[in-house]
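**Student:** Coordinates in protein.cif, mmCIF, C-alpha atoms, are listed below.
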```cif
data_model
loop_
_atom_site.label_atom_id
_atom_site.label_comp_id
_atom_site.auth_asym_id
_atom_site.auth_seq_id
_atom_site.Cartn_x
_atom_site.Cartn_y
_atom_site.Cartn_z
CA MET A 1 -18.34 36.58 61.88
CA LYS A 2 -14.92 35.00 61.84
CA ASN A 3 -16.39 31.50 61.73
CA ASN A 4 -18.69 32.53 58.87
CA TYR A 5 -15.74 33.87 56.91
CA PHE A 6 -13.82 30.60 57.20
CA LYS A 7 -16.95 28.69 56.24
CA LEU A 8 -17.22 30.76 53.05
CA VAL A 9 -13.55 30.17 52.23
CA TYR A 10 -14.00 26.44 52.82
CA LEU A 11 -17.08 26.28 50.61
CA ALA A 12 -15.32 28.22 47.83
CA ALA A 13 -12.34 25.86 47.96
CA LEU A 14 -14.63 22.84 47.95
CA SER A 15 -16.44 24.28 44.92
CA LEU A 16 -13.17 24.78 43.03
CA PHE A 17 -12.11 21.23 43.90
CA ALA A 18 -15.42 19.86 42.58
CA VAL A 19 -15.03 21.82 39.32
CA SER A 20 -11.46 20.57 39.01
CA CYS A 21 -12.59 16.96 39.50
CA SER A 22 -15.39 17.50 37.01
CA ASN A 23 -12.89 18.75 34.43
CA ASP A 24 -10.66 15.76 35.13
CA ASP A 25 -13.63 13.49 34.48
CA ASP A 26 -14.25 15.24 31.15
CA ASN A 27 -10.66 14.50 30.09
CA THR A 28 -10.92 10.76 30.59
CA ASN A 29 -12.12 10.26 27.01
CA GLU A 30 -9.33 12.30 25.42
CA ILE A 31 -6.78 10.37 23.41
CA PRO A 32 -3.38 10.42 25.15
CA GLU A 33 -0.81 12.43 23.25
CA GLU A 34 1.39 9.38 22.70
CA ALA A 35 -1.46 7.61 20.86
CA LEU A 36 -1.27 10.30 18.18
CA LEU A 37 2.36 9.51 17.38
CA GLU A 38 3.34 7.13 14.63
CA TYR A 39 4.57 3.70 15.68
CA LYS A 40 8.28 3.79 16.50
CA HIS A 41 9.17 1.13 13.94
CA ILE A 42 7.32 2.48 10.91
CA ARG A 43 9.40 3.90 8.05
CA VAL A 44 8.45 5.65 4.81
CA LEU A 45 10.67 5.26 1.73
CA LEU A 46 10.46 7.70 -1.18
CA SER A 47 12.10 7.82 -4.60
CA ASP A 48 12.74 10.97 -6.65
CA GLU A 49 11.51 11.76 -10.13
CA LYS A 50 14.65 13.52 -11.38
CA THR A 51 17.53 12.21 -9.27
CA ASN A 52 18.79 8.88 -7.92
CA GLU A 53 18.01 9.95 -4.36
CA LEU A 54 15.99 7.73 -2.02
CA THR A 55 14.77 9.20 1.27
CA LEU A 56 14.05 7.01 4.28
CA VAL A 57 11.81 8.79 6.79
CA ASN A 58 11.35 7.90 10.45
CA PRO A 59 7.96 9.60 11.01
CA SER A 60 7.86 9.26 14.79
CA GLU A 61 11.06 11.30 15.07
CA ALA A 62 10.61 13.34 11.85
CA THR A 63 14.15 12.40 10.76
CA THR A 64 15.42 11.42 7.32
CA ALA A 65 18.33 9.55 5.75
CA SER A 66 19.34 9.76 2.08
CA PHE A 67 20.60 7.00 -0.19
CA ASN A 68 21.51 6.83 -3.88
CA ALA A 69 19.74 4.23 -6.01
CA LYS A 70 21.18 3.15 -9.35
CA PHE A 71 18.68 5.23 -11.33
CA ALA A 72 16.06 7.96 -10.89
CA LYS A 73 12.26 7.63 -11.06
CA SER A 74 12.10 4.19 -9.47
CA SER A 75 8.97 2.39 -8.30
CA LEU A 76 8.98 1.21 -4.68
CA TYR A 77 7.27 -1.82 -3.11
CA THR A 78 7.25 -3.34 0.37
CA THR A 79 8.05 -7.02 0.73
CA GLU A 80 5.83 -9.54 2.52
CA SER A 81 7.74 -9.34 5.82
CA GLY A 82 7.62 -5.53 5.93
CA ARG A 83 11.36 -5.27 6.55
CA TYR A 84 12.53 -4.82 2.95
CA ALA A 85 11.68 -2.87 -0.20
CA GLY A 86 11.87 -3.82 -3.85
CA ILE A 87 13.14 -1.01 -6.09
CA ILE A 88 12.08 -1.32 -9.72
CA HIS A 89 13.92 0.55 -12.48
CA ARG A 90 11.67 -0.49 -15.36
CA THR A 91 13.28 1.32 -18.27
CA ASP A 92 16.77 0.52 -16.99
CA ASN A 93 16.02 -3.23 -16.71
CA THR A 94 17.18 -3.35 -13.09
CA VAL A 95 15.81 -4.39 -9.70
CA GLU A 96 17.38 -3.39 -6.39
CA THR A 97 16.46 -4.25 -2.81
CA PHE A 98 16.61 -2.22 0.39
CA ASP A 99 16.86 -3.27 4.05
CA THR A 100 15.42 -1.08 6.83
CA GLY A 101 17.42 -2.95 9.45
CA LEU A 102 14.24 -3.61 11.46
CA GLU A 103 13.65 -7.19 12.60
CA SER A 104 10.26 -8.18 14.00
CA HIS A 105 9.98 -10.71 16.82
CA GLY A 106 6.21 -10.56 17.13
CA ASP A 107 5.78 -8.71 20.41
CA HIS A 108 8.76 -6.42 19.80
CA VAL A 109 11.14 -5.17 17.10
CA ASP A 110 14.95 -5.24 17.14
CA ILE A 111 17.36 -3.00 15.25
CA ASP A 112 19.38 -5.47 13.18
CA GLY A 113 21.88 -3.08 11.61
CA LEU A 114 21.71 0.23 9.80
CA PRO A 115 19.41 0.82 6.79
CA LYS A 116 21.18 -0.14 3.57
CA PHE A 117 20.74 -1.53 0.07
CA GLY A 118 20.36 -5.30 -0.07
CA ALA A 119 22.90 -7.48 -1.83
CA LEU A 120 20.15 -9.08 -3.95
CA THR A 121 19.75 -7.51 -7.39
CA GLY A 122 18.11 -8.41 -10.68
CA GLN A 123 18.57 -7.76 -14.39
CA SER A 124 15.67 -8.40 -16.79
CA LEU A 125 13.83 -6.81 -19.70
CA LEU A 126 11.37 -4.16 -18.49
CA PRO A 127 10.62 -5.49 -14.97
CA THR A 128 7.21 -4.04 -14.17
CA HIS A 129 4.76 -5.68 -11.78
CA PHE A 130 6.27 -6.60 -8.39
CA LYS A 131 4.78 -9.05 -5.89
CA SER A 132 5.99 -10.53 -2.60
CA LYS A 133 4.31 -13.66 -1.25
CA ILE A 134 5.23 -16.98 0.38
CA GLY A 135 8.74 -15.68 1.13
CA GLU A 136 9.45 -14.79 -2.49
CA LEU A 137 9.97 -11.66 -4.55
CA LEU A 138 8.54 -11.69 -8.08
CA THR A 139 8.62 -9.38 -11.07
CA PHE A 140 6.86 -9.77 -14.39
CA ASN A 141 9.15 -8.69 -17.19
CA ASP A 142 7.22 -6.96 -19.98
CA GLY A 143 10.18 -7.09 -22.36
CA ASP A 144 10.12 -10.87 -22.85
CA GLY A 145 7.15 -12.24 -20.89
CA THR A 146 9.28 -13.96 -18.23
CA LEU A 147 9.15 -13.94 -14.44
CA SER A 148 12.08 -13.14 -12.15
CA VAL A 149 12.03 -14.76 -8.71
CA ALA A 150 14.18 -14.63 -5.58
CA LYS A 151 13.84 -15.51 -1.91
CA GLU A 152 13.29 -12.70 0.56
CA SER A 153 15.78 -14.47 2.82
CA GLU A 154 18.46 -13.90 0.15
CA ILE A 155 18.27 -10.10 0.23
CA ASN A 156 21.45 -9.78 2.30
CA THR A 157 23.26 -12.72 0.71
CA ALA A 158 26.38 -11.56 -1.12
CA GLY A 159 26.10 -12.03 -4.88
CA ALA A 160 22.42 -13.09 -4.78
CA LYS A 161 20.55 -12.64 -8.08
CA PHE A 162 16.96 -13.02 -9.26
CA LYS A 163 16.39 -16.20 -11.28
CA THR A 164 14.37 -16.35 -14.50
CA ILE A 165 11.25 -18.45 -15.03
CA ASN A 166 10.44 -18.79 -18.72
CA ALA A 167 6.92 -20.02 -19.47
CA GLY A 168 7.28 -19.58 -23.24
CA LEU A 169 5.11 -16.46 -23.41
CA LEU A 170 5.03 -13.62 -25.91
CA ALA A 171 6.26 -10.27 -24.62
CA HIS A 172 3.37 -8.23 -23.22
CA HIS A 173 2.32 -5.87 -20.43
CA GLY A 174 1.55 -8.70 -18.05
CA ALA A 175 1.04 -9.64 -14.43
CA MET A 176 1.37 -12.60 -12.12
CA ALA A 177 0.11 -13.84 -8.76
CA SER A 178 1.40 -16.38 -6.24
CA PHE A 179 -0.66 -19.16 -4.72
CA ALA A 180 -0.06 -20.58 -1.24
CA ASN A 181 0.97 -23.93 -2.78
CA GLY A 182 3.94 -22.32 -4.59
CA THR A 183 2.45 -22.17 -8.08
CA TYR A 184 1.77 -19.01 -10.10
CA ALA A 185 -1.04 -17.52 -12.13
CA ILE A 186 0.50 -15.71 -15.08
CA THR A 187 -1.02 -13.71 -17.93
CA GLU A 188 -0.52 -14.71 -21.54
CA LYS A 189 -1.10 -12.94 -24.84
CA ASP A 190 -2.58 -14.57 -27.92
CA ASN A 191 -3.07 -11.35 -29.95
CA THR A 192 -6.86 -11.66 -30.13
CA VAL A 193 -6.85 -8.12 -28.72
CA ALA A 194 -4.72 -5.39 -30.29
CA GLY A 195 -2.07 -3.73 -28.13
CA THR A 196 0.14 -4.95 -25.30
CA LEU A 197 -2.52 -6.18 -22.85
CA PRO A 198 -2.90 -9.96 -22.36
CA GLU A 199 -6.18 -11.87 -22.73
CA LYS A 200 -5.71 -15.04 -20.67
CA VAL A 201 -4.25 -16.47 -17.43
CA LYS A 202 -2.69 -19.89 -16.98
CA ILE A 203 -1.13 -21.73 -14.02
CA ILE A 204 2.58 -22.62 -14.02
CA ASP A 205 5.07 -24.12 -11.57
CA ASN A 206 8.41 -22.65 -10.55
CA THR A 207 10.15 -24.11 -13.61
CA GLY A 208 7.73 -22.46 -16.05
CA LYS A 209 5.89 -25.71 -16.81
CA THR A 210 2.18 -25.22 -17.57
CA LEU A 211 0.02 -26.99 -15.00
CA PHE A 212 -3.37 -25.68 -16.16
CA GLU A 213 -4.08 -23.96 -19.44
CA ALA A 214 -6.25 -20.84 -19.49
CA ALA A 215 -9.94 -21.71 -19.13
CA LEU A 216 -11.33 -18.31 -20.15
CA SER A 217 -10.44 -15.60 -22.64
CA THR A 218 -11.03 -11.88 -22.09
CA LYS A 219 -10.89 -8.64 -24.04
CA GLY A 220 -7.83 -7.43 -22.14
CA ILE A 221 -6.34 -7.76 -18.64
CA HIS A 222 -4.65 -5.22 -16.35
CA GLY A 223 -4.20 -5.19 -12.58
CA ASN A 224 -4.20 -8.12 -10.19
CA ALA A 225 -3.92 -9.24 -6.57
CA SER A 226 -3.88 -12.52 -4.65
CA ASP A 227 -4.66 -13.74 -1.14
CA GLY A 228 -2.94 -17.07 -1.75
CA THR A 229 -6.21 -18.85 -2.56
CA TYR A 230 -7.69 -16.58 -5.22
CA ALA A 231 -5.83 -14.63 -7.88
CA VAL A 232 -7.98 -11.75 -9.13
CA PHE A 233 -7.37 -9.86 -12.36
CA GLY A 234 -8.98 -6.74 -13.78
CA SER A 235 -10.38 -7.44 -17.24
CA ALA A 236 -12.50 -5.70 -19.84
CA SER A 237 -14.78 -8.76 -19.77
CA GLY A 238 -15.36 -8.75 -16.00
CA VAL A 239 -13.34 -9.55 -12.89
CA LEU A 240 -11.36 -12.70 -13.64
CA VAL A 241 -10.96 -15.02 -10.63
CA VAL A 242 -8.38 -17.82 -10.87
CA GLU A 243 -7.66 -20.65 -8.44
CA SER A 244 -4.57 -22.88 -8.22
CA SER A 245 -6.68 -25.86 -9.34
CA GLY A 246 -7.12 -24.17 -12.72
CA LYS A 247 -10.74 -23.20 -11.99
CA GLN A 248 -11.63 -19.79 -13.45
CA LYS A 249 -14.70 -17.55 -13.45
CA LEU A 250 -15.74 -14.05 -14.47
CA ILE A 251 -17.72 -11.76 -12.16
CA ALA A 252 -19.86 -9.32 -14.12
CA PHE A 253 -19.53 -5.58 -13.53
CA PRO A 254 -22.49 -3.53 -12.26
CA GLU A 255 -24.96 -2.69 -15.02
CA ASP A 256 -24.06 1.00 -15.11
CA PHE A 257 -20.37 0.32 -15.92
CA GLY A 258 -20.80 0.35 -19.68
CA THR A 259 -17.29 -0.08 -21.12
CA ALA A 260 -15.55 0.79 -17.82
CA TRP A 261 -13.51 -1.88 -16.02
CA PHE A 262 -11.08 -2.23 -13.13
CA GLY A 263 -7.49 -1.61 -14.16
CA THR A 264 -6.34 -1.77 -10.51
CA ILE A 265 -7.01 -4.56 -7.99
CA LEU A 266 -5.96 -4.27 -4.34
CA GLU A 267 -5.81 -6.87 -1.57
CA THR A 268 -7.68 -6.50 1.73
CA ALA A 269 -7.29 -8.15 5.14
CA SER A 270 -10.29 -10.42 4.45
CA LYS A 271 -9.91 -13.65 2.48
CA GLY A 272 -11.73 -13.56 -0.82
CA LYS A 273 -12.33 -9.80 -0.72
CA PHE A 274 -10.52 -7.29 -2.92
CA ILE A 275 -10.77 -3.66 -3.99
CA GLY A 276 -11.40 -2.83 -7.64
CA TYR A 277 -10.65 0.69 -8.80
CA THR A 278 -11.30 2.52 -12.06
CA ALA A 279 -11.02 6.28 -12.60
CA ALA A 280 -14.16 6.06 -14.74
CA LYS A 281 -16.38 4.87 -11.85
CA GLY A 282 -14.62 4.78 -8.47
CA ALA A 283 -13.71 2.20 -5.82
CA TYR A 284 -15.65 -1.03 -5.24
CA LEU A 285 -15.44 -4.08 -2.97
CA ILE A 286 -15.15 -7.38 -4.85
CA ASP A 287 -16.35 -10.49 -3.00
CA VAL A 288 -15.16 -13.43 -5.08
CA VAL A 289 -16.99 -16.04 -2.96
CA ASN A 290 -20.41 -14.39 -3.26
CA GLN A 291 -19.52 -13.02 -6.72
CA THR A 292 -20.60 -9.49 -5.85
CA ILE A 293 -19.20 -6.04 -6.63
CA ASN A 294 -20.44 -3.29 -4.30
CA PRO A 295 -19.54 0.43 -4.37
CA ILE A 296 -17.37 1.98 -1.69
CA LEU A 297 -17.11 5.36 -3.39
CA LYS A 298 -18.64 6.27 -6.73
CA ASN A 299 -16.49 9.14 -7.93
CA THR A 300 -14.70 10.07 -11.15
CA THR A 301 -12.19 12.51 -9.61
CA ILE A 302 -10.09 10.07 -7.55
CA MET A 303 -6.35 10.81 -7.60
CA GLN A 304 -5.14 8.09 -5.20
CA CYS A 305 -6.87 4.97 -3.87
CA LYS A 306 -4.85 2.94 -1.33
CA THR A 307 -5.48 0.38 1.41
CA SER A 308 -3.94 0.93 4.85
CA TYR A 309 -0.77 -0.92 5.87
CA ASP A 310 -2.85 -3.60 7.62
CA LYS A 311 -5.34 -3.63 4.70
CA SER A 312 -8.36 -2.98 6.94
CA LYS A 313 -9.17 0.51 5.65
CA LEU A 314 -9.26 2.33 2.33
CA GLY A 315 -7.99 5.87 1.85
CA VAL A 316 -9.15 7.91 -1.14
CA LEU A 317 -7.57 11.23 -2.14
CA LEU A 318 -9.49 13.32 -4.68
CA HIS A 319 -8.06 15.86 -7.12
CA SER A 320 -9.93 18.51 -5.11
CA GLY A 321 -7.65 17.82 -2.12
CA GLU A 322 -10.39 16.06 -0.19
CA PHE A 323 -9.51 12.85 1.65
CA LYS A 324 -11.94 10.10 2.65
CA LEU A 325 -11.22 7.15 4.94
CA PHE A 326 -13.41 4.03 4.70
CA SER A 327 -13.75 0.96 6.86
CA LEU A 328 -13.53 -2.16 4.70
CA ASN A 329 -15.80 -3.98 7.12
CA SER A 330 -18.73 -1.57 6.97
CA LEU A 331 -17.82 0.19 3.69
CA GLN A 332 -18.76 3.42 5.48
CA ALA A 333 -16.73 6.63 5.52
CA GLU A 334 -15.12 7.13 8.95
CA LYS A 335 -13.36 10.42 8.30
CA GLU A 336 -13.28 13.03 5.55
CA GLY A 337 -12.04 16.54 4.94
CA LYS A 338 -10.04 18.76 2.64
CA VAL A 339 -6.40 18.14 3.53
CA ILE A 340 -4.31 19.55 0.64
CA SER A 341 -4.80 22.05 -2.15
CA GLU A 342 -6.39 21.06 -5.45
CA THR A 343 -4.32 19.16 -8.04
CA ALA A 344 -5.07 19.63 -11.73
CA THR A 345 -6.10 16.43 -13.48
CA ASP A 346 -3.45 17.09 -16.14
CA ALA A 347 -0.64 17.90 -13.66
CA THR A 348 2.65 16.29 -14.69
CA SER A 349 3.56 15.38 -11.08
CA LYS A 350 0.79 14.44 -8.67
CA PRO A 351 0.78 13.66 -4.93
CA GLN A 352 1.23 9.99 -4.02
CA MET A 353 -0.16 8.43 -0.85
CA GLN A 354 0.17 5.56 1.62
CA LEU A 355 -1.65 4.87 4.91
CA THR A 356 -0.86 3.40 8.31
CA GLU A 357 -3.29 2.82 11.18
CA ASN A 358 -3.18 6.42 12.43
CA PHE A 359 -1.74 8.48 9.60
CA ALA A 360 -1.80 9.06 5.86
CA TYR A 361 1.44 10.05 4.14
CA ILE A 362 1.07 12.30 1.10
CA THR A 363 3.90 13.55 -1.11
CA SER A 364 4.09 17.19 -2.15
CA PRO A 365 6.00 17.21 -5.47
CA SER A 366 5.95 21.00 -5.69
CA THR A 367 7.58 21.59 -2.27
CA GLY A 368 9.69 18.44 -1.84
CA GLU A 369 7.88 17.46 1.35
CA LEU A 370 6.20 14.45 2.89
CA LEU A 371 2.95 15.45 4.59
CA GLN A 372 1.81 13.44 7.61
CA LEU A 373 -1.99 13.56 7.91
CA ASN A 374 -3.41 12.71 11.34
CA LEU A 375 -6.41 10.46 10.68
CA THR A 376 -7.99 11.37 14.03
CA ASP A 377 -8.39 15.12 13.53
CA MET A 378 -7.79 15.22 9.74
CA LYS A 379 -5.02 17.80 10.09
CA ILE A 380 -1.49 17.83 8.70
CA ALA A 381 0.62 16.90 11.74
CA LYS A 382 4.07 17.24 10.16
CA LYS A 383 5.73 18.44 6.98
CA ILE A 384 9.01 16.60 6.50
CA LYS A 385 11.50 17.80 3.89
CA VAL A 386 12.57 14.99 1.56
CA SER A 387 14.08 15.07 -1.95
CA ALA A 388 13.27 17.91 -4.35
CA THR A 389 10.75 16.02 -6.50
CA PRO A 390 9.32 13.03 -4.58
CA TYR A 391 7.99 10.38 -6.97
CA THR A 392 6.80 7.10 -5.44
CA ILE A 393 6.30 6.14 -1.81
CA THR A 394 5.98 2.97 0.24
CA VAL A 395 5.50 2.21 3.94
CA LEU A 396 7.93 -0.21 5.58
CA GLY A 397 8.49 -1.66 9.03
CA PHE A 398 6.05 -2.63 11.75
CA GLU A 399 3.12 -1.06 13.55
CA ASN A 400 4.80 -1.72 16.86
CA SER A 401 6.66 0.62 19.23
CA LYS A 402 8.16 -2.01 21.56
CA SER A 403 11.87 -2.75 21.52
CA HIS A 404 13.79 -5.57 23.19
#
```
Just dump the structure as structure tokens.
**Tutor:**
Amino acid sequence: MKNNYFKLVYLAALSLFAVSCSNDDDNTNEIPEEALLEYKHIRVLLSDEKTNELTLVNPSEATTASFNAKFAKSSLYTTESGRYAGIIHRTDNTVETFDTGLESHGDHVDIDGLPKFGALTGQSLLPTHFKSKIGELLTFNDGDGTLSVAKESEINTAGAKFKTINAGLLAHHGAMASFANGTYAITEKDNTVAGTLPEKVKIIDNTGKTLFEAALSTKGIHGNASDGTYAVFGSASGVLVVESSGKQKLIAFPEDFGTAWFGTILETASKGKFIGYTAAKGAYLIDVVNQTINPILKNTTIMQCKTSYDKSKLGVLLHSGEFKLFSLNSLQAEKEGKVISETATDATSKPQMQLTENFAYITSPSTGELLQLNLTDMKIAKKIKVSATPYTITVLGFENSKSH
């Protein structure tokens, strides 16, 4: 009897051990907790609509630091390296720069000083579009049709100023793009279309000299992007594709577009492929080599449409509060769900959004918070208090958690 009792105890223990091992096996596919954290060297910078306050957020630690820009309601952009930000005060004719203090060395990131404003500043008439390519910072100045240019390496140089490139253009709501060979595609206005939008694009050098005159004329241009080989502009006549050689072509919109056209063009991680967005139709992939325009999401209620930090995915936030994440390789939705409350289409202040590999960052203008959306489970992971009325947002730094 005694032996039988111990046998039963042994078998029960063995059974529990087997169940425990089985459960351990089931957990092998779970994502480790650390994989759900933001990269250590990613930062989020926000401006405020009503005050001069800038908020720099370290998402992995949920900490913030506040700084005072020269003016309120600034537009924020990340530079090519990822270390710096360009701060555009359009109506105040001023450009500032900001340094995160993060220095990438490829396999790791060093802390190269505290976050601070850069020494490089600019003064121009209505600086509007901002671009950062081939080690340069560029603004197009709507007030006089000039470009302002500076080197990214000059951001911490005492007394550094943006320099003006005058291509002899009329003032207009324009745009520009950099080519890998150091030349620029720049819009020009000839007044064949009423209003402030330009109709043509020409190629200039860094002195403003015209290298190639415009080859095509459109019914109005707005929005552009460049991968260094192709400069792509949104136009009422089709997607205008410009090369540094002066070659230009128009890609026709899908037949159901009617009078709709892309007023926003975004870059992707793939050469020759761009995102075109219009509130009237939705988000589309533009392939300039094959001259095709294919839908990613046909929807007329899009509030925000942004590529991820590495430009491999597209995040779309609808006015309903629904979020959709698309792969730019397959053009298929990978994740979707309702993540915030509905925003009225006529709301004066609307949520703004940016994406990293694992998270989406969404501003909450009504609560003064930055919402961190986990792209794995589609849940708000953190709510981080920032300034009272967050306005624009940009992601800075590096998707890397290794330090020296």
**Student:** For atom CA of Phe67 of chain A and atom CA of Leu54 of chain A, determine how far apart the two atoms are, in Å to one decimal place.
**Tutor:**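 So the two atoms, atom CA of Phe67 of chain A and atom CA of Leu54 of chain A, lie 5.0 Å apart.
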**Student:** Expand the PyMOL selection byres ((chain A and resi 77) around 7) into the explicit residue set it covers here, and present it as a ChimeraX atom specification.
**Tutor:** /A:75-76,78-79,85-87,394
**Student:** Taking all listed atoms of segment 106-120 of chain A, build the axis-aligned box, pad each of the six sides by 3 Å, then write its centre and edge lengths in Å to one decimal as AutoDock Vina command-line options.
**Tutor:**
```
--center_x 14.3 --center_y -4.9 --center_z 8.2 --size_x 23.1 --size_y 17.4 --size_z 30.4
```
**Student:** At a cut-off of 8 Å, using all atoms listed in the file, what residues contact segment 349-357 of chain A? Leave out same-chain residues fewer than 6 positions from it and give the result as a PyMOL selection string.
**Tutor:** chain A and resi 304+306-310+315+343+363-365+391-395+399
**Student:** Select, from A:Asp112, A:Asp142, A:Asp99, A:Asp190, the residue with the minimum atom-to-atom distance to Glu154 of chain A, counting all atoms listed in the file.
**Tutor:**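 Looking at the shortest contact to Glu154 of chain A, the residue is A:Asp99.
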**Student:** Selected by the PyMOL selection byres ((chain A and resi 294) around 10) in the shown coordinates: which residues, as a PyMOL selection string?
**Tutor:** chain A and resi 253-254+275-276+283-287+292-293+295-297+331
**Student:** Just C-alpha atoms for this one: save the residues we selected as an mmCIF file, in the frame of the given file.
**Tutor:**
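Contents of selection.cif, as written:
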```cif
data_model
loop_
_atom_site.group_PDB
_atom_site.id
_atom_site.type_symbol
_atom_site.label_atom_id
_atom_site.label_comp_id
_atom_site.auth_asym_id
_atom_site.auth_seq_id
_atom_site.Cartn_x
_atom_site.Cartn_y
_atom_site.Cartn_z
ATOM 1 C CA PHE A 253 -19.530 -5.580 -13.530
ATOM 2 C CA PRO A 254 -22.490 -3.530 -12.260
ATOM 3 C CA ILE A 275 -10.770 -3.660 -3.990
ATOM 4 C CA GLY A 276 -11.400 -2.830 -7.640
ATOM 5 C CA ALA A 283 -13.710 2.200 -5.820
ATOM 6 C CA TYR A 284 -15.650 -1.030 -5.240
ATOM 7 C CA LEU A 285 -15.440 -4.080 -2.970
ATOM 8 C CA ILE A 286 -15.150 -7.380 -4.850
ATOM 9 C CA ASP A 287 -16.350 -10.490 -3.000
ATOM 10 C CA THR A 292 -20.600 -9.490 -5.850
ATOM 11 C CA ILE A 293 -19.200 -6.040 -6.630
ATOM 12 C CA PRO A 295 -19.540 0.430 -4.370
ATOM 13 C CA ILE A 296 -17.370 1.980 -1.690
ATOM 14 C CA LEU A 297 -17.110 5.360 -3.390
ATOM 15 C CA LEU A 331 -17.820 0.190 3.690
#
```
**Student:** Please enumerate the residues selected by the PyMOL selection byres ((chain A and resi 117-125) around 7) when evaluated against the supplied file, formatted as a list in words.
**Tutor:**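 Those residues are Asn93, Thr94, Val95, Glu96, Thr97, Phe98, Asp99, Lys116, Leu126, Pro127, Asn141, Asp142, Gly143, Asp144, Glu154, Ile155, Asn156, Thr157, Ala158, Gly159, Ala160, Lys161 and Phe162 of chain A.
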**Student:** Have a look at atom CA of Lys73 of chain A and atom CA of Leu46 of chain A and let me know their distance in Å, one decimal.
**Tutor:**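 Rounded to one decimal, the two atoms are 10.0 Å apart.
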**Student:** Of the residues A:Leu250, A:Leu169, A:Ala65, A:Val149, which is the one nearest to Gly135 of chain A, using all atoms listed in the file?
**Tutor:** A:Val149
**Student:** Would you compute the distance between atom CA of Ser401 of chain A and atom CA of Thr64 of chain A? Give it in Å to one decimal.
**Tutor:**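 Separating atom CA of Ser401 of chain A from atom CA of Thr64 of chain A is a distance of 18.3 Å.
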**Student:** With distances taken over only C-alpha atoms, which residue among A:Gly272, A:Asn68, A:Trp261, A:Val201 lies nearest Lys247 of chain A?
**Tutor:**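 Closest residue, counting only C-alpha atoms: A:Val201.
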**Student:** Would you mind telling me which residue in A:Ala260, A:Ala62, A:Leu373, A:Leu147 lies nearest to Ala279 of chain A when using all atoms listed in the file?
**Tutor:**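 Selected residue with least distance to Ala279 of chain A: A:Ala260.
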**Student:** Between A:Ile362, A:Leu240, A:Ile88, A:Ile134, which one has atoms that come closest to Phe71 of chain A, using only C-alpha atoms?
**Tutor:** A:Ile88
**Student:** Compile the contact shell of Ser320 of chain A as a PyMOL selection string: residues with an atom at most 8 Å away, counting only C-alpha atoms, same-chain residues fewer than 2 positions apart removed.
**Tutor:** chain A and resi 301+318+322+338+341-343
**Student:** Neighbouring residues of Pro198 of chain A were defined as those with any atom within 12 Å, considering only C-alpha atoms; residues of the same chain fewer than 4 positions away were excluded. Please report them as a tab-separated table (two decimals) with C-alpha atoms, keeping the file's coordinate frame.
**Tutor:**
```tsv
chain	number	residue	atom	x	y	z
A	142	ASP	CA	7.22	-6.96	-19.98
A	145	GLY	CA	7.15	-12.24	-20.89
A	169	LEU	CA	5.11	-16.46	-23.41
A	170	LEU	CA	5.03	-13.62	-25.91
A	171	ALA	CA	6.26	-10.27	-24.62
A	172	HIS	CA	3.37	-8.23	-23.22
A	173	HIS	CA	2.32	-5.87	-20.43
A	174	GLY	CA	1.55	-8.70	-18.05
A	175	ALA	CA	1.04	-9.64	-14.43
A	176	MET	CA	1.37	-12.60	-12.12
A	186	ILE	CA	0.50	-15.71	-15.08
A	187	THR	CA	-1.02	-13.71	-17.93
A	188	GLU	CA	-0.52	-14.71	-21.54
A	189	LYS	CA	-1.10	-12.94	-24.84
A	190	ASP	CA	-2.58	-14.57	-27.92
A	191	ASN	CA	-3.07	-11.35	-29.95
A	192	THR	CA	-6.86	-11.66	-30.13
A	193	VAL	CA	-6.85	-8.12	-28.72
A	194	ALA	CA	-4.72	-5.39	-30.29
A	202	LYS	CA	-2.69	-19.89	-16.98
A	214	ALA	CA	-6.25	-20.84	-19.49
A	217	SER	CA	-10.44	-15.60	-22.64
A	218	THR	CA	-11.03	-11.88	-22.09
A	219	LYS	CA	-10.89	-8.64	-24.04
A	220	GLY	CA	-7.83	-7.43	-22.14
A	221	ILE	CA	-6.34	-7.76	-18.64
A	222	HIS	CA	-4.65	-5.22	-16.35
A	223	GLY	CA	-4.20	-5.19	-12.58
A	233	PHE	CA	-7.37	-9.86	-12.36
A	234	GLY	CA	-8.98	-6.74	-13.78
A	235	SER	CA	-10.38	-7.44	-17.24
A	236	ALA	CA	-12.50	-5.70	-19.84
```
**Student:** So which one's closest to Leu45 of chain A, A:Val386, A:Leu371, A:Ala333, A:Leu328? Using only C-alpha atoms, please.
**Tutor:** A:Val386
**Student:** The residues within 12 Å of (7.9, 18.8, 11.6), using all atoms listed in the file and the coordinates of the file, should be reported as a VMD selection string; which are they?
**Tutor:** chain A and resid 57 to 64 369 to 373 380 to 386
**Student:** Using only C-alpha atoms, which residues sit within 6 Å of Val242 of chain A once same-chain residues fewer than 6 positions away are excluded, as a list of chain:residue names?
**Tutor:** A:Tyr230, A:Ala231, A:Gln248
**Student:** Identify, on the basis of all atoms listed in the file, every residue whose closest approach to segment 388-390 of chain A does not exceed 6 Å; exclude the query and any residue fewer than 2 positions from it along the same chain; express the result as a PyMOL selection string.
**Tutor:** chain A and resi 47-49+365+368
